[in-house]
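What follows is the content of input_10.txt, which has compact mmCIF, N, CA and C atoms:
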```
# COMPACT_ATOMS: atom_id res chain seq x y z
N MET A 1 131.06 125.58 148.75
CA MET A 1 131.22 126.82 148.01
C MET A 1 132.12 127.79 148.78
N GLY A 2 131.95 127.91 150.10
CA GLY A 2 132.75 128.82 150.90
C GLY A 2 134.22 128.42 150.91
N ARG A 3 134.48 127.12 150.99
CA ARG A 3 135.86 126.65 151.01
C ARG A 3 136.54 126.96 149.68
N ARG A 4 135.82 126.78 148.57
CA ARG A 4 136.40 127.06 147.26
C ARG A 4 136.77 128.55 147.16
N ASN A 5 135.89 129.44 147.63
CA ASN A 5 136.20 130.88 147.61
C ASN A 5 137.39 131.20 148.50
N TRP A 6 137.50 130.55 149.65
CA TRP A 6 138.62 130.78 150.55
C TRP A 6 139.93 130.38 149.88
N ILE A 7 139.93 129.21 149.20
CA ILE A 7 141.14 128.76 148.51
C ILE A 7 141.49 129.72 147.38
N LEU A 8 140.49 130.11 146.58
CA LEU A 8 140.76 131.02 145.47
C LEU A 8 141.26 132.37 145.98
N GLY A 9 140.78 132.82 147.14
CA GLY A 9 141.23 134.09 147.71
C GLY A 9 142.69 134.08 148.10
N ARG A 10 143.26 132.97 148.39
CA ARG A 10 144.66 132.84 148.80
C ARG A 10 145.60 132.74 147.60
N LEU A 11 145.06 132.53 146.40
CA LEU A 11 145.91 132.39 145.20
C LEU A 11 146.13 133.73 144.52
N SER A 12 147.20 133.81 143.73
CA SER A 12 147.44 135.02 142.93
C SER A 12 146.36 135.09 141.85
N SER A 13 146.18 136.25 141.26
CA SER A 13 145.13 136.42 140.25
C SER A 13 145.33 135.50 139.05
N THR A 14 146.57 135.27 138.65
CA THR A 14 146.84 134.38 137.52
C THR A 14 146.44 132.94 137.87
N LYS A 15 146.85 132.49 139.02
CA LYS A 15 146.50 131.13 139.44
C LYS A 15 145.00 131.01 139.68
N ARG A 16 144.40 132.10 140.22
CA ARG A 16 142.97 132.09 140.48
C ARG A 16 142.20 131.92 139.16
N SER A 17 142.60 132.63 138.12
CA SER A 17 141.96 132.50 136.81
C SER A 17 142.12 131.08 136.27
N TYR A 18 143.33 130.54 136.43
CA TYR A 18 143.62 129.19 135.95
C TYR A 18 142.72 128.16 136.66
N VAL A 19 142.66 128.24 137.98
CA VAL A 19 141.85 127.31 138.77
C VAL A 19 140.36 127.52 138.47
N ALA A 20 139.91 128.75 138.40
CA ALA A 20 138.50 129.03 138.12
C ALA A 20 138.11 128.48 136.75
N GLY A 21 139.01 128.60 135.77
CA GLY A 21 138.73 128.05 134.44
C GLY A 21 138.56 126.55 134.48
N HIS A 22 139.40 125.88 135.27
CA HIS A 22 139.29 124.43 135.40
C HIS A 22 138.02 124.02 136.16
N VAL A 23 137.66 124.80 137.15
CA VAL A 23 136.43 124.51 137.90
C VAL A 23 135.22 124.64 136.98
N ILE A 24 135.19 125.70 136.18
CA ILE A 24 134.08 125.90 135.25
C ILE A 24 134.05 124.77 134.22
N ALA A 25 135.21 124.39 133.69
CA ALA A 25 135.28 123.30 132.72
C ALA A 25 134.77 122.01 133.35
N TRP A 26 135.15 121.75 134.59
CA TRP A 26 134.70 120.53 135.26
C TRP A 26 133.18 120.54 135.44
N GLU A 27 132.61 121.69 135.79
CA GLU A 27 131.16 121.79 135.96
C GLU A 27 130.43 121.48 134.64
N VAL A 28 130.94 122.00 133.54
CA VAL A 28 130.34 121.74 132.22
C VAL A 28 130.43 120.25 131.89
N ILE A 29 131.59 119.66 132.11
CA ILE A 29 131.78 118.22 131.83
C ILE A 29 130.86 117.39 132.72
N ARG A 30 130.76 117.74 133.99
CA ARG A 30 129.91 117.00 134.91
C ARG A 30 128.45 117.04 134.47
N GLU A 31 127.98 118.22 134.06
CA GLU A 31 126.60 118.35 133.59
C GLU A 31 126.36 117.50 132.35
N GLN A 32 127.32 117.48 131.42
CA GLN A 32 127.17 116.67 130.21
C GLN A 32 127.16 115.18 130.54
N LEU A 33 128.02 114.76 131.47
CA LEU A 33 128.05 113.35 131.87
C LEU A 33 126.74 112.95 132.54
N GLU A 34 126.19 113.81 133.39
CA GLU A 34 124.91 113.51 134.04
C GLU A 34 123.80 113.39 132.99
N SER A 35 123.83 114.25 131.99
CA SER A 35 122.83 114.21 130.92
C SER A 35 122.94 112.91 130.12
N LEU A 36 124.17 112.51 129.78
CA LEU A 36 124.38 111.27 129.04
C LEU A 36 123.94 110.06 129.86
N LEU A 37 124.23 110.07 131.14
CA LEU A 37 123.83 108.97 132.00
C LEU A 37 122.30 108.87 132.07
N ALA A 38 121.63 110.00 132.21
CA ALA A 38 120.16 110.00 132.26
C ALA A 38 119.58 109.47 130.95
N GLU A 39 120.17 109.86 129.81
CA GLU A 39 119.70 109.36 128.51
C GLU A 39 119.89 107.85 128.41
N LYS A 40 121.02 107.36 128.89
CA LYS A 40 121.29 105.92 128.82
C LYS A 40 120.30 105.16 129.70
N ILE A 41 120.05 105.65 130.89
CA ILE A 41 119.09 104.99 131.78
C ILE A 41 117.70 104.98 131.15
N GLN A 42 117.32 106.10 130.55
CA GLN A 42 116.01 106.17 129.89
C GLN A 42 115.93 105.16 128.75
N MET A 43 116.98 105.04 127.95
CA MET A 43 117.00 104.09 126.84
C MET A 43 116.90 102.65 127.37
N LEU A 44 117.66 102.33 128.41
CA LEU A 44 117.60 100.99 129.00
C LEU A 44 116.22 100.70 129.59
N GLN A 45 115.59 101.72 130.16
CA GLN A 45 114.24 101.55 130.71
C GLN A 45 113.25 101.22 129.59
N ARG A 46 113.36 101.91 128.48
CA ARG A 46 112.48 101.61 127.33
C ARG A 46 112.72 100.19 126.83
N LEU A 47 113.97 99.77 126.77
CA LEU A 47 114.30 98.42 126.35
C LEU A 47 113.67 97.39 127.30
N ASP A 48 113.74 97.64 128.60
CA ASP A 48 113.10 96.75 129.57
C ASP A 48 111.59 96.67 129.34
N LEU A 49 110.97 97.83 129.07
CA LEU A 49 109.52 97.84 128.83
C LEU A 49 109.17 97.05 127.57
N PHE A 50 109.97 97.16 126.52
CA PHE A 50 109.70 96.41 125.30
C PHE A 50 109.92 94.91 125.51
N ARG A 51 110.94 94.54 126.29
CA ARG A 51 111.14 93.12 126.62
C ARG A 51 109.94 92.58 127.38
N LEU A 52 109.41 93.38 128.31
CA LEU A 52 108.23 92.97 129.04
C LEU A 52 107.02 92.86 128.12
N ALA A 53 106.91 93.77 127.16
CA ALA A 53 105.79 93.72 126.21
C ALA A 53 105.82 92.42 125.41
N VAL A 54 107.01 92.01 124.98
CA VAL A 54 107.14 90.75 124.24
C VAL A 54 106.75 89.58 125.14
N ALA A 55 107.20 89.59 126.38
CA ALA A 55 106.86 88.51 127.32
C ALA A 55 105.35 88.50 127.60
N LEU A 56 104.75 89.67 127.74
CA LEU A 56 103.30 89.74 127.98
C LEU A 56 102.52 89.19 126.79
N GLU A 57 102.97 89.49 125.58
CA GLU A 57 102.30 88.94 124.40
C GLU A 57 102.47 87.43 124.32
N GLY A 58 103.64 86.93 124.70
CA GLY A 58 103.85 85.48 124.74
C GLY A 58 102.91 84.82 125.75
N TYR A 59 102.78 85.44 126.92
CA TYR A 59 101.87 84.92 127.94
C TYR A 59 100.44 84.93 127.41
N ARG A 60 100.05 86.02 126.77
CA ARG A 60 98.68 86.15 126.26
C ARG A 60 98.41 85.11 125.18
N SER A 61 99.38 84.86 124.30
CA SER A 61 99.14 83.89 123.24
C SER A 61 99.05 82.47 123.80
N ARG A 62 99.77 82.19 124.88
CA ARG A 62 99.74 80.85 125.48
C ARG A 62 98.52 80.65 126.38
N HIS A 63 98.14 81.67 127.16
CA HIS A 63 97.09 81.52 128.16
C HIS A 63 95.77 82.20 127.79
N GLY A 64 95.76 83.00 126.74
CA GLY A 64 94.52 83.64 126.30
C GLY A 64 94.20 84.96 126.99
N HIS A 65 95.03 85.39 127.91
CA HIS A 65 94.81 86.66 128.62
C HIS A 65 96.14 87.14 129.17
N TYR A 66 96.16 88.40 129.58
CA TYR A 66 97.36 88.95 130.21
C TYR A 66 97.39 88.53 131.67
N PRO A 67 98.58 88.41 132.27
CA PRO A 67 98.66 87.99 133.68
C PRO A 67 98.17 89.10 134.61
N GLN A 68 97.78 88.67 135.82
CA GLN A 68 97.39 89.65 136.84
C GLN A 68 98.60 90.44 137.33
N ARG A 69 99.75 89.74 137.44
CA ARG A 69 100.98 90.36 137.93
C ARG A 69 102.13 89.99 137.01
N LEU A 70 103.15 90.84 136.95
CA LEU A 70 104.32 90.58 136.12
C LEU A 70 105.10 89.36 136.59
N ALA A 71 105.01 89.02 137.86
CA ALA A 71 105.73 87.87 138.39
C ALA A 71 105.30 86.57 137.71
N ALA A 72 104.10 86.53 137.13
CA ALA A 72 103.62 85.33 136.44
C ALA A 72 104.43 85.04 135.17
N LEU A 73 105.21 86.00 134.70
CA LEU A 73 106.02 85.81 133.50
C LEU A 73 107.30 85.02 133.77
N VAL A 74 107.66 84.89 135.05
CA VAL A 74 108.90 84.21 135.45
C VAL A 74 108.57 82.78 135.82
N PRO A 75 109.29 81.79 135.44
CA PRO A 75 110.47 81.74 134.59
C PRO A 75 110.15 81.42 133.13
N GLU A 76 108.85 81.26 132.82
CA GLU A 76 108.45 80.82 131.49
C GLU A 76 108.86 81.80 130.38
N PHE A 77 108.72 83.10 130.63
CA PHE A 77 108.99 84.10 129.60
C PHE A 77 110.16 85.03 129.92
N LEU A 78 110.49 85.18 131.19
CA LEU A 78 111.60 86.03 131.62
C LEU A 78 112.37 85.33 132.73
N GLU A 79 113.66 85.62 132.82
CA GLU A 79 114.44 85.10 133.95
C GLU A 79 114.06 85.81 135.23
N GLU A 80 113.82 87.11 135.13
CA GLU A 80 113.38 87.91 136.27
C GLU A 80 112.66 89.14 135.74
N VAL A 81 111.78 89.67 136.54
CA VAL A 81 111.07 90.90 136.16
C VAL A 81 111.99 92.07 136.44
N PRO A 82 112.27 92.89 135.42
CA PRO A 82 113.17 94.03 135.65
C PRO A 82 112.53 95.08 136.56
N LEU A 83 113.38 95.75 137.31
CA LEU A 83 112.93 96.84 138.17
C LEU A 83 112.91 98.15 137.38
N ASP A 84 112.19 99.11 137.90
CA ASP A 84 112.23 100.46 137.35
C ASP A 84 113.64 100.99 137.57
N ARG A 85 114.33 101.35 136.52
CA ARG A 85 115.74 101.78 136.63
C ARG A 85 115.88 103.14 137.30
N PHE A 86 114.80 103.89 137.41
CA PHE A 86 114.88 105.21 138.04
C PHE A 86 114.63 105.12 139.54
N THR A 87 113.65 104.30 139.93
CA THR A 87 113.29 104.24 141.35
C THR A 87 113.80 102.97 142.03
N MET A 88 114.25 101.99 141.25
CA MET A 88 114.69 100.68 141.73
C MET A 88 113.58 99.95 142.47
N LEU A 89 112.33 100.27 142.12
CA LEU A 89 111.15 99.59 142.63
C LEU A 89 110.49 98.84 141.48
N ALA A 90 109.42 98.13 141.75
CA ALA A 90 108.71 97.40 140.70
C ALA A 90 108.11 98.39 139.69
N LEU A 91 108.09 97.97 138.43
CA LEU A 91 107.45 98.77 137.40
C LEU A 91 105.95 98.80 137.63
N SER A 92 105.31 99.84 137.15
CA SER A 92 103.87 99.97 137.28
C SER A 92 103.20 99.18 136.15
N TYR A 93 102.39 98.18 136.51
CA TYR A 93 101.69 97.35 135.53
C TYR A 93 100.25 97.20 135.96
N ARG A 94 99.35 97.40 135.02
CA ARG A 94 97.94 97.13 135.32
C ARG A 94 97.25 96.69 134.05
N ARG A 95 96.37 95.73 134.23
CA ARG A 95 95.55 95.30 133.11
C ARG A 95 94.44 96.31 132.93
N THR A 96 94.09 96.55 131.70
CA THR A 96 92.98 97.45 131.40
C THR A 96 91.92 96.68 130.65
N GLU A 97 90.81 97.32 130.41
CA GLU A 97 89.72 96.66 129.68
C GLU A 97 90.17 96.26 128.28
N LYS A 98 91.03 97.06 127.68
CA LYS A 98 91.46 96.81 126.31
C LYS A 98 92.85 96.23 126.18
N GLY A 99 93.57 95.99 127.27
CA GLY A 99 94.92 95.47 127.18
C GLY A 99 95.66 95.63 128.49
N TYR A 100 96.70 96.44 128.48
CA TYR A 100 97.45 96.71 129.71
C TYR A 100 98.20 98.02 129.58
N GLN A 101 98.65 98.52 130.73
CA GLN A 101 99.50 99.70 130.76
C GLN A 101 100.72 99.35 131.61
N LEU A 102 101.88 99.64 131.07
CA LEU A 102 103.15 99.34 131.71
C LEU A 102 103.94 100.63 131.72
N SER A 103 104.43 101.04 132.89
CA SER A 103 105.14 102.32 132.93
C SER A 103 106.18 102.36 134.03
N SER A 104 107.08 103.32 133.85
CA SER A 104 108.11 103.64 134.83
C SER A 104 107.65 104.86 135.59
N ASP A 105 107.84 104.85 136.88
CA ASP A 105 107.45 106.00 137.69
C ASP A 105 108.59 107.00 137.83
N GLY A 106 109.62 106.86 137.01
CA GLY A 106 110.77 107.74 137.07
C GLY A 106 110.49 109.12 136.50
N PRO A 107 111.51 109.95 136.41
CA PRO A 107 111.34 111.35 136.03
C PRO A 107 111.01 111.58 134.56
N PHE A 108 111.16 110.57 133.70
CA PHE A 108 110.97 110.80 132.27
C PHE A 108 109.64 110.30 131.74
N ASP A 109 108.77 109.75 132.60
CA ASP A 109 107.43 109.33 132.22
C ASP A 109 107.47 108.37 131.04
N VAL A 110 108.19 107.26 131.18
CA VAL A 110 108.30 106.25 130.13
C VAL A 110 107.11 105.31 130.27
N LYS A 111 106.26 105.24 129.23
CA LYS A 111 105.06 104.41 129.30
C LYS A 111 104.93 103.57 128.04
N LEU A 112 104.24 102.46 128.21
CA LEU A 112 103.90 101.59 127.10
C LEU A 112 102.48 101.11 127.35
N GLN A 113 101.59 101.39 126.42
CA GLN A 113 100.21 100.97 126.57
C GLN A 113 99.86 100.10 125.38
N MET A 114 99.29 98.96 125.66
CA MET A 114 99.02 98.01 124.60
C MET A 114 97.54 97.72 124.52
N PRO A 115 96.91 98.09 123.40
CA PRO A 115 95.53 97.66 123.20
C PRO A 115 95.53 96.21 122.73
N PRO A 116 94.42 95.51 122.85
CA PRO A 116 94.39 94.12 122.41
C PRO A 116 94.45 94.03 120.89
N ARG A 117 94.86 92.89 120.44
CA ARG A 117 94.80 92.62 119.00
C ARG A 117 93.35 92.39 118.62
N PRO A 118 92.99 92.63 117.36
CA PRO A 118 91.60 92.37 116.95
C PRO A 118 91.32 90.87 117.01
N ASP A 119 90.06 90.53 117.29
CA ASP A 119 89.66 89.12 117.28
C ASP A 119 89.79 88.58 115.87
N GLU A 120 89.78 87.24 115.78
CA GLU A 120 89.85 86.62 114.46
C GLU A 120 88.64 87.01 113.63
N SER A 121 87.47 87.14 114.28
CA SER A 121 86.26 87.53 113.54
C SER A 121 86.43 88.93 112.96
N ASP A 122 87.07 89.83 113.71
CA ASP A 122 87.34 91.17 113.19
C ASP A 122 88.29 91.09 112.02
N ALA A 123 89.30 90.23 112.12
CA ALA A 123 90.27 90.08 111.03
C ALA A 123 89.57 89.53 109.80
N GLN A 124 88.63 88.58 110.00
CA GLN A 124 87.89 88.03 108.86
C GLN A 124 87.02 89.11 108.23
N LYS A 125 86.37 89.94 109.07
CA LYS A 125 85.57 91.03 108.53
C LYS A 125 86.44 91.97 107.71
N THR A 126 87.59 92.28 108.23
CA THR A 126 88.49 93.18 107.53
C THR A 126 88.90 92.59 106.19
N ASP A 127 89.24 91.29 106.17
CA ASP A 127 89.61 90.64 104.91
C ASP A 127 88.44 90.65 103.95
N ALA A 128 87.24 90.37 104.47
CA ALA A 128 86.05 90.37 103.61
C ALA A 128 85.79 91.77 103.06
N GLN A 129 85.95 92.76 103.91
CA GLN A 129 85.74 94.14 103.46
C GLN A 129 86.78 94.50 102.40
N LYS A 130 88.03 94.07 102.59
CA LYS A 130 89.06 94.35 101.60
C LYS A 130 88.73 93.68 100.28
N THR A 131 88.23 92.43 100.33
CA THR A 131 87.86 91.71 99.12
C THR A 131 86.74 92.45 98.41
N ASN A 132 85.73 92.90 99.18
CA ASN A 132 84.62 93.65 98.57
C ASN A 132 85.13 94.94 97.94
N MET A 133 86.06 95.62 98.62
CA MET A 133 86.60 96.87 98.08
C MET A 133 87.36 96.60 96.80
N GLN A 134 88.11 95.51 96.76
CA GLN A 134 88.86 95.19 95.55
C GLN A 134 87.92 94.88 94.41
N LYS A 135 86.83 94.17 94.71
CA LYS A 135 85.85 93.84 93.66
C LYS A 135 85.17 95.11 93.18
N THR A 136 84.84 96.02 94.10
CA THR A 136 84.16 97.26 93.74
C THR A 136 85.08 98.17 92.95
N ASP A 137 86.37 98.20 93.31
CA ASP A 137 87.31 99.07 92.63
C ASP A 137 87.68 98.60 91.23
N ALA A 138 87.39 97.34 90.93
CA ALA A 138 87.75 96.81 89.61
C ALA A 138 86.88 97.48 88.55
N PRO A 139 87.44 97.77 87.38
CA PRO A 139 86.65 98.39 86.33
C PRO A 139 85.60 97.40 85.78
N PRO A 140 84.45 97.89 85.37
CA PRO A 140 83.43 97.00 84.84
C PRO A 140 83.91 96.31 83.56
N PRO A 141 83.43 95.08 83.31
CA PRO A 141 83.91 94.36 82.11
C PRO A 141 83.37 94.94 80.82
```
Structure encoded using structure tokens:
Amino acid sequence: MGRRNWILGRLSSTKRSYVAGHVIAWEVIREQLESLLAEKIQMLQRLDLFRLAVALEGYRSRHGHYPQRLAALVPEFLEEVPLDRFTMLALSYRRTEKGYQLSSDGPFDVKLQMPPRPDESDAQKTDAQKTNMQKTDAPPP
């Protein structure tokens, strides 16, 4: 900052205005570029989380449960486990009682939480309940 003021102090007022205008324009452009880059990284991080979600569901359908660690998805479901694009460390993954939680520890708090699918017995109950509702909703003969 001091060097910039020293340089501007040595210029004529016309040149100083010209240079200051360009410096301000550059600062605005730089801020916009940083914002666009952050948005792109956030979008790519969400895409990585969704790819992991698909791989986790594939693992669950094949093995009947979610893996203890994301590394178990390689090479059967993923070529490699993606890193957190904000910290360049491993993504946060933990199994929960009802499914799992997958998240980025970066500045935008990108999370994906997956509850388990209903059991087949629950699905059958739901179908039976729907059938009963349809029968009940039908007008009397």
Taking only C-alpha atoms into account, name the residue in A:Ala25, A:Leu89, A:Leu73, A:Leu37 that is nearest to Ser103 in chain A.
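Result for the nearest residue to Ser103 in chain A: A:Leu89.
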Need to verify the contact set: range 93-95 of chain A, 8 Å, all atoms listed in the file, exclusion of same-chain residues closer than 5 positions in sequence. Can you return it as a PyMOL selection string?
chain A and resi 66-70+100-104
Would you mind reading off the distance between CA of Glu80 in chain A and atom N of Lys40 in chain A, one decimal, in Å?
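Taking CA of Glu80 in chain A as the start and atom N of Lys40 in chain A as the end point, the length is 22.2 Å.
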Which residue of A:Gly58, A:Phe86, A:Trp26, A:Met43 approaches Pro107 in chain A most closely, using only C-alpha atoms:
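Answer, going by the shortest atom-to-atom distance: A:Phe86.
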One decimal, in Å: what's the spacing between atom C of Gly64 in chain A and atom C of Asp84 in chain A?
27.3 Å
